[in-house]
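Student: Below is target27.txt; it holds compact mmCIF, C-alpha atoms.
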# COMPACT_ATOMS: atom_id res chain seq x y z
CA MET A 1 -40.32 -15.71 10.93
CA SER A 2 -38.67 -15.53 7.47
CA GLY A 3 -40.68 -12.37 6.68
CA LEU A 4 -39.29 -10.72 9.81
CA ARG A 5 -35.78 -11.81 8.86
CA ARG A 6 -36.12 -10.31 5.41
CA TRP A 7 -37.46 -7.08 6.89
CA LEU A 8 -34.52 -6.87 9.36
CA ALA A 9 -31.88 -7.91 6.82
CA PRO A 10 -29.50 -5.13 5.73
CA ARG A 11 -30.31 -3.65 2.35
CA THR A 12 -26.71 -2.65 1.67
CA VAL A 13 -23.58 -4.67 2.25
CA VAL A 14 -20.39 -2.67 2.72
CA ARG A 15 -16.75 -3.68 2.67
CA ALA A 16 -13.89 -2.11 4.59
CA HIS A 17 -10.13 -2.47 4.92
CA CYS A 18 -10.77 -4.03 8.27
CA ASP A 19 -13.95 -5.25 9.92
CA ILE A 20 -12.53 -4.05 13.22
CA PRO A 21 -10.64 -0.77 12.92
CA CYS A 22 -7.51 -1.92 14.74
CA GLY A 23 -5.59 1.35 14.31
CA VAL A 24 -2.41 -0.41 13.13
CA TYR A 25 -0.87 1.43 10.18
CA ASP A 26 2.64 1.29 8.80
CA PRO A 27 3.89 2.26 5.33
CA GLN A 28 6.40 -0.58 5.55
CA GLN A 29 3.62 -2.88 4.33
CA ALA A 30 3.53 -0.91 1.07
CA ARG A 31 7.33 -0.72 0.92
CA ILE A 32 7.80 -4.46 1.22
CA GLU A 33 5.41 -5.03 -1.69
CA ALA A 34 7.14 -2.31 -3.73
CA GLU A 35 10.56 -3.83 -2.99
CA SER A 36 9.21 -7.14 -4.26
CA CYS A 37 8.19 -5.40 -7.49
CA PHE A 38 11.67 -3.89 -7.83
CA LYS A 39 13.41 -7.24 -7.32
CA ILE A 40 10.99 -9.13 -9.57
CA ILE A 41 11.56 -6.61 -12.38
CA GLN A 42 15.31 -7.12 -12.00
CA LYS A 43 14.87 -10.90 -12.20
CA TYR A 44 12.53 -10.52 -15.19
CA ASN A 45 15.07 -8.39 -17.05
CA ASP A 46 17.92 -10.79 -16.22
CA SER A 47 16.10 -13.88 -17.48
CA GLN A 48 15.58 -15.29 -20.97
CA ASP A 49 13.15 -17.99 -19.75
CA GLU A 50 9.74 -16.98 -21.09
CA LEU A 51 7.80 -19.10 -18.59
CA PHE A 52 9.73 -17.56 -15.70
CA ARG A 53 9.23 -14.07 -17.15
CA THR A 54 5.48 -14.70 -17.44
CA ARG A 55 5.36 -15.77 -13.80
CA CYS A 56 7.34 -12.66 -12.85
CA ILE A 57 4.78 -10.41 -14.55
CA HIS A 58 1.90 -12.11 -12.76
CA VAL A 59 3.49 -11.90 -9.30
CA LYS A 60 4.72 -8.32 -9.87
CA GLU A 61 1.19 -7.21 -10.78
CA GLU A 62 -0.18 -8.78 -7.57
CA ARG A 63 2.53 -7.13 -5.44
CA ALA A 64 1.98 -3.74 -7.08
CA GLU A 65 -1.75 -3.99 -6.38
CA LEU A 66 -0.99 -4.79 -2.73
CA ALA A 67 1.39 -1.81 -2.53
CA LYS A 68 -1.37 0.39 -3.93
CA HIS A 69 -3.82 -1.03 -1.41
CA HIS A 70 -1.50 -0.28 1.52
CA ILE A 71 -0.84 3.25 0.24
CA ASP A 72 -4.58 3.84 -0.01
CA VAL A 73 -5.16 2.52 3.51
CA MET A 74 -2.55 4.92 4.89
CA TRP A 75 -4.06 7.79 2.91
CA HIS A 76 -7.70 7.14 3.73
CA ASP A 77 -7.55 5.59 7.19
CA TYR A 78 -4.44 6.90 8.97
CA PHE A 79 -3.92 10.46 7.75
CA LYS A 80 -6.25 13.06 9.26
CA PRO A 81 -6.99 16.74 8.50
CA GLU A 82 -4.40 17.89 11.04
CA HIS A 83 -1.76 15.90 9.13
CA VAL A 84 -2.67 17.75 5.93
CA THR A 85 -2.15 21.02 7.82
CA LYS A 86 1.38 19.87 8.67
CA PHE A 87 2.00 18.46 5.17
CA PRO A 88 -0.05 20.42 2.60
CA ASP A 89 1.20 18.11 -0.19
CA LEU A 90 0.06 14.95 1.62
CA HIS A 91 -2.89 14.26 -0.71
CA ASP A 92 -0.77 14.88 -3.79
CA VAL A 93 2.00 12.56 -2.54
CA CYS A 94 -0.44 9.73 -1.72
CA TRP A 95 -2.36 10.19 -4.97
CA LYS A 96 0.83 10.12 -7.05
CA ALA A 97 2.15 7.10 -5.13
CA SER A 98 -1.09 5.22 -5.80
CA LYS A 99 -0.85 6.15 -9.48
CA GLN A 100 2.79 5.06 -9.51
CA ALA A 101 1.84 1.65 -8.10
CA SER A 102 -0.60 1.30 -11.01
CA LEU A 103 2.20 2.20 -13.42
CA VAL A 104 4.50 -0.42 -11.86
CA LYS A 105 1.77 -3.00 -12.49
CA ARG A 106 2.07 -2.45 -16.22
CA THR A 107 5.80 -1.96 -16.72
CA VAL A 108 9.07 -3.83 -16.35
CA ASP A 109 11.11 -0.65 -15.94
CA VAL A 110 13.10 -0.87 -12.72
CA ASN A 111 13.31 2.96 -12.64
CA GLU A 112 9.53 3.16 -12.25
CA ALA A 113 9.71 0.70 -9.36
CA GLN A 114 12.39 2.88 -7.75
CA LYS A 115 10.14 5.94 -8.11
CA LEU A 116 7.42 4.04 -6.23
CA LEU A 117 9.86 3.20 -3.43
CA ASP A 118 10.88 6.87 -3.20
CA MET A 119 7.24 7.95 -2.95
CA ILE A 120 6.55 5.40 -0.23
CA ASP A 121 9.57 6.80 1.63
CA GLN A 122 7.90 10.23 1.50
CA ILE A 123 4.71 8.75 2.97
CA ASP A 124 6.81 7.02 5.63
CA ARG A 125 8.44 10.32 6.59
CA MET A 126 5.02 11.98 6.93
CA TRP A 127 3.77 9.03 8.98
CA ARG A 128 6.77 9.23 11.32
CA GLU A 129 6.52 12.99 11.71
CA THR A 130 2.83 12.74 12.64
CA GLY A 131 3.54 10.26 15.43
CA GLY A 132 2.72 7.14 13.43
CA PRO A 133 5.13 4.69 15.04
CA GLN A 134 4.10 5.68 18.57
CA THR A 135 0.37 5.83 17.91
CA THR A 136 -0.26 3.00 15.47
CA ARG A 137 2.23 0.27 16.35
CA MET A 138 2.78 -1.77 19.48
CA GLN A 139 6.09 -0.87 21.03
CA GLN A 140 8.56 -3.69 21.60
CA LEU A 141 9.61 -4.09 25.21
CA VAL A 142 12.94 -5.57 24.16
CA PRO A 143 14.46 -4.55 20.82
CA ALA A 144 14.58 -7.32 18.27
CA SER A 145 18.09 -8.60 17.73
Take the structure I supplied and represent it as structure tokens, if you would.
Tutor:
Amino acid sequence: MSGLRRWLAPRTVVRAHCDIPCGVYDPQQARIEAESCFKIIQKYNDSQDELFRTRCIHVKEERAELAKHHIDVMWHDYFKPEHVTKFPDLHDVCWKASKQASLVKRTVDVNEAQKLLDMIDQIDRMWRETGGPQTTRMQQLVPAS
């Protein structure tokens, strides 16, 4: 039996954003992480406590990596060829935003964090104008108060 199992076993293991493609996409996930980076950089720059500043760097790097991940998921999983037709600069915007998230990982310049937020806002606009909120998010029956 173990010979049969080895023969049937997959030869390649793959990883994906999601084991079940749920179809839920929202650039707000990236924006929340980028806002965290912005605020952490402010706190870092306002502090003289070296231990606190070290913790800030560590957490900021994690948040920037998550922002980059969420940008990449939007770029690779949500946006389709017809979206590129509507927004010819879509690939360039996503690529630059991903690069900007990498830059935020290695800096404590709040201006760089603001640039990332601005780029995510561009992605958000493209997402909205391609029907993102209606096609990828569950609609609330009663607005949240």
Student: Would you mind reading off the distance between CA of Lys68 in chain A and CA of Asn45 in chain A, one decimal, in Å?
Tutor: 22.8 Å
Student: Could you list, as a PDB file with C-alpha atoms, keeping the file's coordinate frame, every residue within 9 Å of Met126 in chain A, counting all atoms listed in the file and ignoring same-chain residues fewer than 6 positions away?
Tutor:
ATOM      1  CA  HIS A  83      -1.760  15.900   9.130  1.00  0.00           C
ATOM      2  CA  LYS A  86       1.380  19.870   8.670  1.00  0.00           C
ATOM      3  CA  PHE A  87       2.000  18.460   5.170  1.00  0.00           C
ATOM      4  CA  LEU A  90       0.060  14.950   1.620  1.00  0.00           C
ATOM      5  CA  GLY A 132       2.720   7.140  13.430  1.00  0.00           C
TER       6      GLY A 132
END
Student: Would you compute, for all listed atoms of range 39-50 of chain A, the axis-aligned bounding box grown by 8 Å on each side, and then report its centre and edge lengths in Å rounded to one decimal, as AutoDock Vina command-line options?
Tutor:
--center_x 13.8 --center_y -12.3 --center_z -14.2 --size_x 24.2 --size_y 27.4 --size_z 29.8
Student: So, with all atoms listed in the file as the atoms that count, which of A:Ser36, A:Phe79, A:Arg53, A:Ile123 lies closest to Thr135 in chain A?
Tutor: A:Phe79
Student: Go through A:Ile120, A:Ala64, A:Met74, A:Ile41 and flag the residue nearest Val104 in chain A, using all atoms listed in the file for the distances.
Tutor: A:Ala64
Student: Between CA of Glu35 in chain A and CA of Lys60 in chain A, what is the distance, to one decimal in Å?
Tutor: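 We find that CA of Glu35 in chain A and CA of Lys60 in chain A lie 10.1 Å from each other.
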Student: Quick one, how far is CA of Leu117 in chain A from CA of Gln28 in chain A?
Tutor: 10.3 Å
Student: Which is closest to Pro133 in chain A among A:Lys80, A:Asp92, A:Arg6, A:Val24, if we use only C-alpha atoms?
Tutor: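 Smallest separation from Pro133 in chain A among the options: A:Val24.
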Student: Which residue is closest to Val59 in chain A? Choose from A:His76, A:Arg5, A:Lys105, A:Arg125 and count all atoms listed in the file.
Tutor: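 The closest residue to Val59 in chain A is A:Lys105.
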Student: Have a look at A:Glu61, A:Val73, A:Arg106, A:Asn111 and name the one nearest to Cys37 in chain A; count only C-alpha atoms.
Tutor: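 So, comparing all the options, the nearest one is A:Glu61.
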Student: Show me, as a list in words, the residues that have an atom within 6 Å of Ala30 in chain A when counting all atoms listed in the file, minus same-chain residues fewer than 2 positions from it.
Tutor: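 Result of the neighbour search: Pro27, Gln28, Ile32, Glu33, Ala67 and His70 of chain A.
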Student: Using all atoms listed in the file, which of A:Thr130, A:Trp75, A:Cys94, A:Thr107 sits nearest Gln42 in chain A?
Tutor: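 Between A:Thr130, A:Trp75, A:Cys94, A:Thr107, the residue approaching Gln42 in chain A most closely is A:Thr107.
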